[in-house]
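Asker: My file is data-v3.cif. It has mmCIF, C-alpha atoms (C1' of nucleotides):
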data_upload
loop_
_atom_site.label_atom_id
_atom_site.label_comp_id
_atom_site.auth_asym_id
_atom_site.auth_seq_id
_atom_site.Cartn_x
_atom_site.Cartn_y
_atom_site.Cartn_z
CA MET A 1 8.79 -18.30 21.73
CA THR A 2 7.35 -16.76 18.61
CA ARG A 3 6.77 -19.48 16.04
CA GLN A 4 5.16 -22.06 18.26
CA GLN A 5 2.17 -19.87 19.07
CA VAL A 6 1.30 -19.42 15.41
CA PRO A 7 -1.05 -22.02 13.99
CA ALA A 8 -0.63 -23.79 10.66
CA ALA A 9 3.05 -22.95 10.36
CA GLU A 10 3.47 -26.05 8.25
CA ILE A 11 1.46 -24.62 5.36
CA ALA A 12 4.10 -25.29 2.78
CA GLU A 13 4.05 -28.95 3.64
CA ILE A 14 0.45 -29.42 2.58
CA PRO A 15 0.23 -30.59 -1.03
CA GLY A 16 -1.86 -28.72 -3.57
CA GLN A 17 -5.56 -29.47 -3.44
CA GLU A 18 -5.91 -31.74 -0.42
CA ALA A 19 -7.02 -30.28 2.89
CA LEU A 20 -8.40 -27.10 1.40
CA GLY A 21 -9.82 -26.12 4.77
CA VAL A 22 -6.40 -26.06 6.34
CA GLN A 23 -4.93 -24.32 3.36
CA GLY A 24 -7.74 -21.77 3.61
CA ALA A 25 -6.77 -21.05 7.21
CA ALA A 26 -3.14 -20.83 6.13
CA SER A 27 -4.12 -18.35 3.44
CA ASP A 28 -5.98 -16.23 5.96
CA ASP A 29 -2.86 -16.03 8.08
CA LEU A 30 -0.80 -15.07 5.04
CA ILE A 31 -3.27 -12.31 4.17
CA GLU A 32 -2.78 -10.86 7.60
CA LEU A 33 1.00 -11.31 7.61
CA LEU A 34 1.17 -9.59 4.25
CA PHE A 35 -0.52 -6.59 5.82
CA PHE A 36 1.90 -6.47 8.73
CA ALA A 37 4.94 -7.12 6.55
CA TYR A 38 4.00 -4.41 4.10
CA ARG A 39 3.19 -1.99 6.92
CA ASP A 40 6.70 -2.26 8.33
CA PHE A 41 8.32 -2.59 4.92
CA VAL A 42 7.10 0.83 3.75
CA GLY A 43 7.64 2.37 7.17
CA ASP A 44 11.43 2.29 6.85
CA PRO A 45 11.78 4.52 3.77
CA ASP A 46 8.96 6.78 4.92
CA ARG A 47 11.20 8.23 7.60
CA ILE A 48 13.91 9.13 5.09
CA LEU A 49 11.46 10.50 2.53
CA ALA A 50 9.96 12.84 5.09
CA GLU A 51 13.33 14.61 5.41
CA TYR A 52 13.17 15.47 1.72
CA GLY A 53 9.51 16.43 1.73
CA PHE A 54 8.73 13.44 -0.45
CA GLY A 55 6.16 10.69 -0.05
CA ARG A 56 5.70 7.10 -1.09
CA ALA A 57 4.64 8.07 -4.58
CA HIS A 58 8.00 9.79 -5.11
CA HIS A 59 9.75 6.71 -3.78
CA ARG A 60 8.03 4.37 -6.20
CA VAL A 61 8.88 6.55 -9.18
CA LEU A 62 12.49 6.94 -8.12
CA HIS A 63 12.81 3.22 -7.46
CA PHE A 64 11.72 2.16 -10.92
CA VAL A 65 13.67 4.86 -12.73
CA VAL A 66 16.87 3.92 -10.91
CA ARG A 67 16.40 0.25 -11.61
CA TYR A 68 15.29 0.66 -15.22
CA PRO A 69 17.06 3.68 -16.73
CA GLY A 70 15.44 4.94 -19.90
CA LEU A 71 11.94 3.96 -18.81
CA THR A 72 9.22 5.82 -20.70
CA ILE A 73 6.23 7.54 -19.15
CA ALA A 74 3.87 4.95 -20.60
CA GLU A 75 5.89 2.09 -19.16
CA LEU A 76 5.97 3.74 -15.76
CA LEU A 77 2.23 4.30 -15.85
CA ASP A 78 1.70 0.64 -16.62
CA ILE A 79 3.93 -0.41 -13.74
CA LEU A 80 2.46 1.90 -11.13
CA ARG A 81 -1.15 1.65 -12.32
CA ILE A 82 -1.93 5.25 -11.59
CA THR A 83 -3.14 8.04 -13.84
CA LYS A 84 -0.94 10.30 -15.90
CA GLN A 85 -1.98 13.21 -13.74
CA SER A 86 -0.96 11.50 -10.50
CA LEU A 87 2.37 10.48 -11.94
CA ASN A 88 3.06 13.91 -13.33
CA ARG A 89 2.61 15.59 -10.00
CA VAL A 90 5.33 13.61 -8.29
CA LEU A 91 7.54 13.32 -11.36
CA LYS A 92 7.54 17.10 -11.68
CA ASP A 93 8.80 17.40 -8.10
CA LEU A 94 11.61 14.93 -8.73
CA ILE A 95 12.67 16.63 -11.97
CA GLU A 96 12.51 20.18 -10.61
CA GLN A 97 14.58 19.22 -7.59
CA GLY A 98 17.18 17.49 -9.73
CA TYR A 99 16.67 13.85 -8.88
CA ILE A 100 15.41 12.71 -12.28
CA GLU A 101 16.17 13.84 -15.84
CA GLN A 102 14.16 13.46 -19.03
CA LYS A 103 15.70 12.83 -22.42
CA THR A 104 13.83 12.84 -25.69
CA GLY A 105 13.59 9.36 -27.17
CA THR A 106 15.89 8.66 -30.12
CA SER A 107 13.80 6.22 -32.13
CA ASP A 108 10.55 7.95 -31.17
CA ARG A 109 10.97 11.61 -30.36
CA ARG A 110 7.55 11.75 -28.67
CA GLN A 111 8.83 9.63 -25.83
CA ARG A 112 10.49 11.03 -22.74
CA LEU A 113 13.08 8.63 -21.40
CA LEU A 114 13.63 8.87 -17.68
CA PHE A 115 17.03 8.74 -16.00
CA CYS A 116 18.31 9.41 -12.50
CA THR A 117 20.83 12.10 -11.71
CA ASN A 118 23.64 11.31 -9.28
CA ALA A 119 21.57 12.90 -6.53
CA GLY A 120 18.66 10.69 -7.51
CA ALA A 121 20.80 7.57 -7.43
CA ASP A 122 22.16 8.55 -4.01
CA LEU A 123 18.71 9.08 -2.56
CA ALA A 124 17.46 5.85 -4.08
CA ALA A 125 20.42 4.00 -2.59
CA ASP A 126 19.57 5.40 0.84
CA LEU A 127 16.02 4.20 0.50
CA THR A 128 16.97 0.82 -0.87
CA ARG A 129 19.48 0.31 1.92
CA VAL A 130 16.88 0.24 4.69
CA GLN A 131 14.56 -2.00 2.73
CA THR A 132 17.32 -4.36 1.66
CA ARG A 133 18.43 -4.61 5.26
CA ARG A 134 14.98 -5.75 6.32
CA VAL A 135 14.64 -8.27 3.49
CA ALA A 136 18.16 -9.63 3.91
CA ARG A 137 17.57 -10.04 7.63
CA ALA A 138 14.30 -11.83 6.90
CA LEU A 139 16.07 -14.22 4.54
CA ALA A 140 18.86 -14.77 7.04
CA ASP A 141 16.35 -15.60 9.77
CA ARG A 142 15.61 -18.78 7.88
CA ALA A 143 18.97 -20.14 8.95
CA GLU A 144 17.91 -20.02 12.59
CA GLN A 145 14.57 -21.60 11.83
CA ALA A 146 14.02 -25.13 10.65
CA GLY A 147 17.65 -25.95 9.99
CA THR A 148 17.99 -26.97 6.38
CA ALA A 149 14.32 -26.71 5.55
CA ALA A 150 13.62 -23.90 3.13
CA MET A 151 11.78 -20.82 4.27
CA SER A 152 8.05 -20.82 3.75
CA ALA A 153 6.07 -17.77 2.70
CA HIS A 154 4.70 -17.67 6.22
CA ASP A 155 8.16 -17.57 7.77
CA PHE A 156 9.36 -14.93 5.33
CA LEU A 157 6.47 -12.56 5.92
CA LEU A 158 6.73 -12.98 9.67
CA ALA A 159 10.45 -12.23 9.48
CA MET A 160 9.69 -9.07 7.50
CA ILE A 161 7.81 -7.63 10.48
CA GLU A 162 9.73 -5.30 12.75
CA PRO A 163 11.44 -7.62 15.28
CA ASP A 164 10.14 -5.69 18.27
CA GLU A 165 6.59 -6.06 16.97
CA ARG A 166 6.78 -9.70 15.99
CA ALA A 167 5.87 -11.01 19.42
CA ALA A 168 2.80 -8.76 19.53
CA VAL A 169 1.66 -9.99 16.13
CA CYS A 170 2.16 -13.60 17.20
CA ARG A 171 0.24 -12.97 20.39
CA LEU A 172 -2.61 -11.44 18.43
CA MET A 173 -2.75 -14.29 15.95
CA ALA A 174 -2.60 -16.81 18.78
CA ARG A 175 -5.97 -15.50 19.95
CA ARG A 176 -7.53 -17.21 16.95
CA ALA A 177 -5.66 -20.45 17.58
CA ARG A 178 -7.05 -20.62 21.10
CA ARG A 179 -10.59 -20.10 19.86
CA ALA A 180 -10.22 -22.79 17.23
CA ALA A 181 -8.92 -25.30 19.77
CA MET B 1 8.45 -19.38 -19.96
CA THR B 2 8.19 -17.08 -17.01
CA ARG B 3 10.56 -18.32 -14.32
CA GLN B 4 13.61 -18.84 -16.47
CA GLN B 5 13.86 -15.19 -17.37
CA VAL B 6 14.02 -14.11 -13.76
CA PRO B 7 17.52 -13.85 -12.32
CA ALA B 8 18.58 -15.09 -8.91
CA ALA B 9 15.66 -17.47 -8.51
CA GLU B 10 17.82 -19.59 -6.26
CA ILE B 11 17.96 -16.99 -3.50
CA ALA B 12 16.79 -19.34 -0.81
CA GLU B 13 19.72 -21.63 -1.48
CA ILE B 14 22.29 -19.06 -0.47
CA PRO B 15 23.34 -19.49 3.15
CA GLY B 16 23.12 -16.62 5.61
CA GLN B 17 26.01 -14.19 5.48
CA GLU B 18 28.09 -15.48 2.58
CA ALA B 19 27.74 -13.86 -0.83
CA LEU B 20 26.13 -10.70 0.48
CA GLY B 21 26.32 -9.13 -2.95
CA VAL B 22 24.16 -11.80 -4.47
CA GLN B 23 21.81 -11.74 -1.50
CA GLY B 24 21.61 -7.97 -1.91
CA ALA B 25 20.50 -8.41 -5.52
CA ALA B 26 18.01 -11.03 -4.40
CA SER B 27 16.68 -8.61 -1.79
CA ASP B 28 16.26 -5.94 -4.44
CA ASP B 29 14.17 -8.30 -6.50
CA LEU B 30 12.07 -9.17 -3.47
CA ILE B 31 11.49 -5.49 -2.77
CA GLU B 32 10.12 -5.07 -6.24
CA LEU B 33 8.08 -8.27 -6.17
CA LEU B 34 6.57 -7.19 -2.87
CA PHE B 35 5.35 -4.03 -4.58
CA PHE B 36 3.77 -5.95 -7.45
CA ALA B 37 2.32 -8.64 -5.21
CA TYR B 38 0.77 -6.09 -2.88
CA ARG B 39 -0.54 -4.04 -5.81
CA ASP B 40 -2.53 -6.99 -7.13
CA PHE B 41 -3.36 -8.32 -3.68
CA VAL B 42 -5.27 -5.19 -2.67
CA GLY B 43 -6.73 -4.78 -6.14
CA ASP B 44 -9.08 -7.73 -5.71
CA PRO B 45 -11.09 -6.50 -2.73
CA ASP B 46 -11.02 -2.92 -4.02
CA ARG B 47 -13.53 -3.84 -6.71
CA ILE B 48 -15.97 -5.27 -4.16
CA LEU B 49 -15.51 -2.40 -1.72
CA ALA B 50 -16.34 0.13 -4.40
CA GLU B 51 -19.85 -1.38 -4.70
CA TYR B 52 -20.45 -0.54 -1.05
CA GLY B 53 -18.87 2.89 -1.19
CA PHE B 54 -16.09 1.69 1.08
CA GLY B 55 -12.33 1.90 0.72
CA ARG B 56 -9.27 0.05 1.88
CA ALA B 57 -9.41 1.65 5.28
CA HIS B 58 -12.87 0.15 5.84
CA HIS B 59 -11.59 -3.22 4.69
CA ARG B 60 -8.72 -3.24 7.15
CA VAL B 61 -10.99 -2.40 10.07
CA LEU B 62 -13.57 -4.99 9.07
CA HIS B 63 -10.89 -7.63 8.57
CA PHE B 64 -9.44 -7.30 12.04
CA VAL B 65 -12.79 -7.01 13.80
CA VAL B 66 -14.06 -10.17 12.09
CA ARG B 67 -10.95 -12.10 12.93
CA TYR B 68 -10.61 -10.82 16.49
CA PRO B 69 -14.09 -10.20 17.92
CA GLY B 70 -14.08 -8.01 20.99
CA LEU B 71 -11.09 -5.98 19.87
CA THR B 72 -10.83 -2.62 21.62
CA ILE B 73 -10.25 0.72 19.93
CA ALA B 74 -6.77 0.97 21.43
CA GLU B 75 -5.82 -2.48 20.14
CA LEU B 76 -7.09 -1.65 16.67
CA LEU B 77 -5.14 1.60 16.66
CA ASP B 78 -1.99 -0.29 17.55
CA ILE B 79 -2.55 -2.80 14.78
CA LEU B 80 -3.37 -0.32 12.05
CA ARG B 81 -0.89 2.36 13.16
CA ILE B 82 -3.19 5.22 12.28
CA THR B 83 -4.59 8.02 14.39
CA LYS B 84 -7.77 7.85 16.41
CA GLN B 85 -9.30 10.42 14.09
CA SER B 86 -8.55 8.40 10.96
CA LEU B 87 -9.92 5.24 12.51
CA ASN B 88 -13.03 6.97 13.76
CA ARG B 89 -13.97 8.22 10.32
CA VAL B 90 -14.19 4.77 8.78
CA LEU B 91 -15.40 3.02 11.93
CA LYS B 92 -18.32 5.43 12.10
CA ASP B 93 -19.30 4.49 8.54
CA LEU B 94 -19.17 0.78 9.34
CA ILE B 95 -21.22 1.18 12.54
CA GLU B 96 -23.84 3.49 11.04
CA GLN B 97 -24.35 1.14 8.11
CA GLY B 98 -24.72 -1.86 10.36
CA TYR B 99 -21.56 -3.83 9.67
CA ILE B 100 -19.94 -3.42 13.08
CA GLU B 101 -21.35 -3.13 16.60
CA GLN B 102 -19.84 -1.68 19.75
CA LYS B 103 -20.38 -3.11 23.22
CA THR B 104 -19.26 -1.54 26.45
CA GLY B 105 -16.44 -3.48 28.06
CA THR B 106 -17.37 -5.57 31.07
CA SER B 107 -14.20 -5.42 33.13
CA ASP B 108 -13.46 -1.84 32.02
CA ARG B 109 -16.54 0.13 31.09
CA ARG B 110 -14.47 2.77 29.31
CA GLN B 111 -13.60 0.32 26.58
CA ARG B 112 -15.70 -0.20 23.48
CA LEU B 113 -15.46 -3.78 22.30
CA LEU B 114 -15.93 -4.21 18.57
CA PHE B 115 -17.96 -7.00 16.99
CA CYS B 116 -19.23 -7.74 13.51
CA THR B 117 -22.90 -8.03 12.67
CA ASN B 118 -24.02 -10.80 10.35
CA ALA B 119 -23.90 -8.33 7.48
CA GLY B 120 -20.34 -7.42 8.46
CA ALA B 121 -19.30 -11.06 8.58
CA ASP B 122 -20.87 -11.64 5.15
CA LEU B 123 -19.08 -8.70 3.59
CA ALA B 124 -15.81 -9.71 5.20
CA ALA B 125 -16.24 -13.24 3.87
CA ASP B 126 -16.74 -11.85 0.36
CA LEU B 127 -13.56 -9.83 0.65
CA THR B 128 -11.58 -12.66 2.18
CA ARG B 129 -12.72 -15.03 -0.56
CA VAL B 130 -10.99 -13.18 -3.36
CA GLN B 131 -7.82 -12.71 -1.37
CA THR B 132 -7.74 -16.29 -0.16
CA ARG B 133 -8.20 -17.46 -3.73
CA ARG B 134 -5.12 -15.55 -4.80
CA VAL B 135 -2.99 -16.77 -1.90
CA ALA B 136 -4.17 -20.37 -2.22
CA ARG B 137 -3.40 -20.30 -5.92
CA ALA B 138 0.03 -18.89 -5.19
CA LEU B 139 0.71 -21.67 -2.70
CA ALA B 140 -0.58 -24.29 -5.13
CA ASP B 141 1.69 -22.96 -7.87
CA ARG B 142 4.60 -24.31 -5.91
CA ALA B 143 3.53 -27.85 -6.82
CA GLU B 144 4.11 -27.11 -10.49
CA GLN B 145 7.43 -25.48 -9.76
CA ALA B 146 10.48 -27.24 -8.45
CA GLY B 147 8.75 -30.52 -7.68
CA THR B 148 9.36 -31.31 -4.04
CA ALA B 149 11.48 -28.23 -3.31
CA ALA B 150 9.76 -25.83 -0.98
CA MET B 151 8.53 -22.51 -2.24
CA SER B 152 10.89 -19.59 -1.82
CA ALA B 153 9.77 -16.08 -0.91
CA HIS B 154 10.61 -15.11 -4.47
CA ASP B 155 8.36 -17.79 -5.94
CA PHE B 156 5.53 -16.95 -3.59
CA LEU B 157 5.53 -13.24 -4.33
CA LEU B 158 5.76 -13.86 -8.06
CA ALA B 159 2.83 -16.26 -7.83
CA MET B 160 0.83 -13.59 -5.99
CA ILE B 161 0.96 -11.35 -9.05
CA GLU B 162 -2.02 -11.44 -11.39
CA PRO B 163 -1.26 -14.33 -13.78
CA ASP B 164 -1.86 -12.21 -16.87
CA GLU B 165 0.64 -9.66 -15.61
CA ARG B 166 3.32 -12.07 -14.49
CA ALA B 167 4.99 -12.32 -17.88
CA ALA B 168 5.20 -8.52 -18.15
CA VAL B 169 6.81 -8.29 -14.71
CA CYS B 170 9.28 -11.00 -15.63
CA ARG B 171 10.10 -9.24 -18.88
CA LEU B 172 10.68 -6.00 -17.02
CA MET B 173 12.92 -7.61 -14.44
CA ALA B 174 14.82 -9.42 -17.17
CA ARG B 175 16.00 -6.04 -18.44
CA ARG B 176 18.23 -5.81 -15.41
CA ALA B 177 19.56 -9.33 -15.86
CA ARG B 178 20.65 -8.50 -19.41
CA ARG B 179 22.50 -5.40 -18.24
CA ALA B 180 24.27 -7.31 -15.47
CA ALA B 181 25.39 -10.01 -17.90
"C1'" DT C 1 1.36 15.31 -48.07
"C1'" DG C 2 -2.36 15.14 -45.03
"C1'" DA C 3 -5.48 12.52 -41.69
"C1'" DG C 4 -5.54 10.19 -37.76
"C1'" DA C 5 -3.26 7.79 -34.00
"C1'" DT C 6 -0.08 8.06 -30.18
"C1'" DA C 7 3.00 10.01 -26.28
"C1'" DT C 8 3.12 13.39 -23.28
"C1'" DG C 9 1.74 17.50 -20.59
"C1'" DT C 10 -1.63 20.38 -18.20
"C1'" DC C 11 -5.82 22.65 -15.96
"C1'" DA C 12 -9.50 22.12 -12.72
"C1'" DA C 13 -12.26 19.78 -9.45
"C1'" DC C 14 -12.88 16.15 -6.28
"C1'" DA C 15 -12.43 12.03 -2.93
"C1'" DA C 16 -10.04 8.86 0.25
"C1'" DC C 17 -7.20 8.67 3.87
"C1'" DA C 18 -3.64 10.02 6.44
"C1'" DC C 19 -1.88 13.90 9.74
"C1'" DT C 20 -1.66 17.64 13.87
"C1'" DG C 21 -3.63 20.02 17.68
"C1'" DA C 22 -7.07 20.98 20.92
"C1'" DC C 23 -10.77 19.63 23.64
"C1'" DT C 24 -14.70 16.74 25.92
"C1'" DT C 25 -16.80 12.85 28.40
"C1'" DA C 26 -16.87 8.73 30.93
"C1'" DT C 27 -14.59 5.69 33.83
"C1'" DA C 28 -10.80 3.71 36.51
"C1'" DT C 29 -7.19 3.95 39.92
"C1'" DC C 30 -4.83 5.42 43.87
"C1'" DG D 1 -10.95 13.74 45.23
"C1'" DA D 2 -6.91 14.16 42.06
"C1'" DT D 3 -5.04 12.13 38.25
"C1'" DA D 4 -4.73 8.92 34.50
"C1'" DT D 5 -6.79 6.44 30.79
"C1'" DA D 6 -10.22 5.07 26.85
"C1'" DA D 7 -12.77 6.93 23.64
"C1'" DG D 8 -15.04 10.53 20.78
"C1'" DT D 9 -15.04 14.96 18.28
"C1'" DC D 10 -14.03 19.50 15.80
"C1'" DA D 11 -11.26 21.98 12.63
"C1'" DG D 12 -7.66 22.40 9.44
"C1'" DT D 13 -4.08 20.44 6.31
"C1'" DG D 14 -1.27 17.41 3.03
"C1'" DT D 15 -0.46 13.44 -0.06
"C1'" DT D 16 -2.07 10.70 -3.41
"C1'" DG D 17 -5.34 8.91 -5.98
"C1'" DT D 18 -9.50 9.91 -9.32
"C1'" DT D 19 -12.34 12.03 -13.69
"C1'" DG D 20 -12.87 14.95 -17.60
"C1'" DA D 21 -11.32 18.05 -20.96
"C1'" DC D 22 -7.97 19.74 -23.82
"C1'" DA D 23 -3.14 21.10 -25.96
"C1'" DT D 24 1.14 19.91 -28.33
"C1'" DA D 25 4.51 17.29 -30.63
"C1'" DT D 26 5.48 13.44 -33.30
"C1'" DC D 27 4.72 9.20 -35.78
"C1'" DT D 28 2.32 6.20 -39.21
"C1'" DC D 29 -0.01 5.10 -43.05
"C1'" DA D 30 -2.81 5.75 -47.10
#
Kindly present the structure from the file in structure tokens form.
Answerer:
Amino acid sequence: MTRQQVPAAEIAEIPGQEALGVQGAASDDLIELLFFAYRDFVGDPDRILAEYGFGRAHHRVLHFVVRYPGLTIAELLDILRITKQSLNRVLKDLIEQGYIEQKTGTSDRRQRLLFCTNAGADLAADLTRVQTRRVARALADRAEQAGTAAMSAHDFLLAMIEPDERAAVCRLMARRARRAA
Amino acid sequence: MTRQQVPAAEIAEIPGQEALGVQGAASDDLIELLFFAYRDFVGDPDRILAEYGFGRAHHRVLHFVVRYPGLTIAELLDILRITKQSLNRVLKDLIEQGYIEQKTGTSDRRQRLLFCTNAGADLAADLTRVQTRRVARALADRAEQAGTAAMSAHDFLLAMIEPDERAAVCRLMARRARRAA
DNA sequence: TGAGATATGTCAACAACACTGACTTATATC
DNA sequence: GATATAAGTCAGTGTTGTTGACATATCTCA
């Protein structure tokens, strides 16, 4: 009831350079699906973060510090692509409230190596849980799709959208299909 | 040189519920790749928008109005998931500067139907071009990947990352693989 | 050892974009 | 004619990004 209404679902079957027009239309759909997928993807942790008085910026910092213990400030700045001042504001919150610790670098004592405390790891795990659930569910959805065929980017992004909202998104995108026909 | 360093590239081969641990790790990678992919994905249009004095919020409004002419305010609010006040701020800019027009609804005269002007369609096309280029390139990358195997979500998101940055992301993510080994 | 580069931290001001809450106007519906 | 709905607006606030300037500690190299 959902997939059939969406045009160009067979994107991944179109080889490289041929049929650029169709691939262009497929790309346009992916652009839109990426918006919807990301919208719902960040919505999950937002609800948890609000309980702690934190925002998405805190989440991003915590995420990368948990996953890559010993990260330096410079490395984190390069990953997040924000300014030192923006990073410092949220990092200060996380350190003061005991979620992240700094240790002076051993080989280079100018560096501040970042590590999570137990509290930080716990919070990060909470946040990761809801996001992992969504992604794992999206991957699992493939099984109920085209049988043994692998999941296309289109299918994955669609599956990342909140299930209750998926029909609405498909309905919206079907408006274009009708016009094109 | 890039792919081999990334762990769990065979995510899509793991059936539904079995090996949840591995799928969990795969999900974690996808979470991170989604961040990087989205970071670069929105970076492209940002540069164009800055020339017009517009931001991402303007882009989102313009995108949906171009793609779905006649959209109502209520529909747009439901899509974007922002407040009426937030929408109005950017919509006012776009209308005053001649990129979007409002027409009173015919069946319900309370509604304001949104349409793009030619200038709006031109700007939207400019913005779509850079994003379509990135997505089309990402889809095309599949051809040079696993031959006839379909593209996994992992491959797609990785291919969405700025090519020059891809190696750095892979290097970063390889740090985890080394620890796990 | 001393000059200059680098890593980090900080102050101040500002802009984009989201929020809440309260209220108005026009139109539709019953 | 009462009530609901679609849209617009005013005022205040918070998060997260920005620029620019500057301070401090440490490293590197001549």
Asker: Considering only C-alpha atoms (C1' of nucleotides), tabulate each residue of chain D that lies at most 10 Å from chain B along with its nearest interatomic pair and the corresponding distance in Å to one decimal; arrange the rows by chain and ascending residue number and present them as a tab-separated table.
Answerer:
residue	atom	partner	partner_atom	distance
D:DT5	C1'	B:Arg110	CA	8.6
D:DA6	C1'	B:Arg110	CA	5.4
D:DA7	C1'	B:Arg110	CA	7.2
D:DG8	C1'	B:Asn88	CA	8.1
D:DT9	C1'	B:Gln85	CA	8.4
Asker: Taking all atoms listed in the file into account, which residues of chain C are within 12 Å of chain A, as number ranges by chain?
Answerer: C: 6-12, 18
Asker: Can you write just those residues out, C-alpha atoms (C1' of nucleotides), as a PDB file, in the coordinates of the input?
Answerer:
ATOM      1  C1'  DT C   6      -0.080   8.060 -30.180  1.00  0.00           C
ATOM      2  C1'  DA C   7       3.000  10.010 -26.280  1.00  0.00           C
ATOM      3  C1'  DT C   8       3.120  13.390 -23.280  1.00  0.00           C
ATOM      4  C1'  DG C   9       1.740  17.500 -20.590  1.00  0.00           C
ATOM      5  C1'  DT C  10      -1.630  20.380 -18.200  1.00  0.00           C
ATOM      6  C1'  DC C  11      -5.820  22.650 -15.960  1.00  0.00           C
ATOM      7  C1'  DA C  12      -9.500  22.120 -12.720  1.00  0.00           C
ATOM      8  C1'  DA C  18      -3.640  10.020   6.440  1.00  0.00           C
TER       9       DA C  18
END
Asker: For the structure provided, state which residues fall under the PyMOL selection byres ((chain A and resi 91-105) around 6), and present them as an MDAnalysis selection string.
Answerer: chainID A and resid 87:90 106:109 111:117 119:120
Asker: Go through the shown structure with the PyMOL selection byres ((chain D and resi 28) around 9) and write out the matching residues as an MDAnalysis selection string.
Answerer: (chainID C and resid 4:5) or (chainID D and resid 27 29)
Asker: Just write the chosen residues, C-alpha atoms (C1' of nucleotides), as a PDB file, in the coordinates of the input.
Answerer:
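Full text of part.pdb as output:
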ATOM      1  C1'  DG C   4      -5.540  10.190 -37.760  1.00  0.00           C
ATOM      2  C1'  DA C   5      -3.260   7.790 -34.000  1.00  0.00           C
TER       3       DA C   5
ATOM      4  C1'  DC D  27       4.720   9.200 -35.780  1.00  0.00           C
ATOM      5  C1'  DC D  29      -0.010   5.100 -43.050  1.00  0.00           C
TER       6       DC D  29
END
Asker: Going by the chain IDs and residue numbers used in this file, which residues fall under the PyMOL selection byres ((chain D and resi 3) around 10)? Write them as a PDB file with C-alpha atoms (C1' of nucleotides), in the frame of the given file.
Answerer:
ATOM      1  C1'  DT C  29      -7.190   3.950  39.920  1.00  0.00           C
ATOM      2  C1'  DC C  30      -4.830   5.420  43.870  1.00  0.00           C
TER       3       DC C  30
ATOM      4  C1'  DG D   1     -10.950  13.740  45.230  1.00  0.00           C
ATOM      5  C1'  DA D   2      -6.910  14.160  42.060  1.00  0.00           C
ATOM      6  C1'  DA D   4      -4.730   8.920  34.500  1.00  0.00           C
ATOM      7  C1'  DT D   5      -6.790   6.440  30.790  1.00  0.00           C
TER       8       DT D   5
END
Asker: Just give me the gap between atom CA of Val66 of chain B and atom CA of Thr83 of chain B in Å, one decimal is fine.
Answerer: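 Separation between atom CA of Val66 of chain B and atom CA of Thr83 of chain B: 20.6 Å.
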Asker: Work out how far atom CA of Tyr52 of chain A is from atom CA of Ala26 of chain B, in Å to one decimal.
Answerer: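 Atom-to-atom, atom CA of Ala26 of chain B and atom CA of Tyr52 of chain A are spaced 27.6 Å apart.
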Asker: Would you work out the distance separating atom CA of Arg133 of chain B from atom CA of Pro45 of chain B, expressed in Å to one decimal?
Answerer: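 Computing the Euclidean distance for atom CA of Arg133 of chain B and atom CA of Pro45 of chain B yields 11.4 Å.
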Asker: Of the candidates A:Leu62, A:Ala140, A:Ala25, A:Ala50, which shows the shortest atom-to-atom distance to chain B, using all atoms listed in the file?
Answerer: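 Looking only at the distances to chain B, the closest residue turns out to be A:Ala140.
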Asker: Using only C-alpha atoms, which residue out of A:Leu139, A:Ala177, A:Val61, A:Ala159 lies closest to chain B?
Answerer: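 Looking only at the distances to chain B, the closest residue turns out to be A:Leu139.
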Asker: Go through A:Thr132, A:Ala167, A:Pro69, A:Ala174 one by one, measure the shortest atom-to-atom distance of each to chain B using all atoms listed in the file, and give the residue with the smallest value.
Answerer: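 Selected residue with least distance to chain B: A:Thr132.
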Asker: Measuring between all atoms listed in the file, which one of B:Ala138, B:Phe156, B:Glu162, B:Arg179 shows the shortest distance to chain A?
Answerer: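 So, comparing all the options, the nearest one is B:Phe156.
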Asker: Can we get segment 172-177 of chain A of that structure written down with N, CA, C and O atoms, as a short mmCIF file (atom, residue, chain, number, x, y, z; two decimals), in the first residue's frame?
Answerer:
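Result file follows (out-v3.cif):
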data_model
loop_
_atom_site.label_atom_id
_atom_site.label_comp_id
_atom_site.auth_asym_id
_atom_site.auth_seq_id
_atom_site.Cartn_x
_atom_site.Cartn_y
_atom_site.Cartn_z
N LEU A 172 2.02 12.17 -0.30
CA LEU A 172 2.53 13.45 -0.79
C LEU A 172 3.31 13.25 -2.08
O LEU A 172 3.06 13.90 -3.09
N MET A 173 4.24 12.30 -2.04
CA MET A 173 5.11 12.10 -3.20
C MET A 173 4.34 11.54 -4.39
O MET A 173 4.76 11.73 -5.54
N ALA A 174 3.22 10.91 -4.13
CA ALA A 174 2.40 10.38 -5.21
C ALA A 174 1.74 11.52 -6.00
O ALA A 174 1.36 11.35 -7.16
N ARG A 175 1.63 12.68 -5.37
CA ARG A 175 1.04 13.83 -6.06
C ARG A 175 1.85 14.18 -7.29
O ARG A 175 1.31 14.60 -8.32
N ARG A 176 3.16 14.02 -7.19
CA ARG A 176 4.03 14.31 -8.32
C ARG A 176 3.86 13.26 -9.41
O ARG A 176 3.86 13.57 -10.60
N ALA A 177 3.75 12.01 -8.97
CA ALA A 177 3.63 10.91 -9.93
C ALA A 177 2.39 11.11 -10.80
O ALA A 177 2.41 10.90 -12.01
#
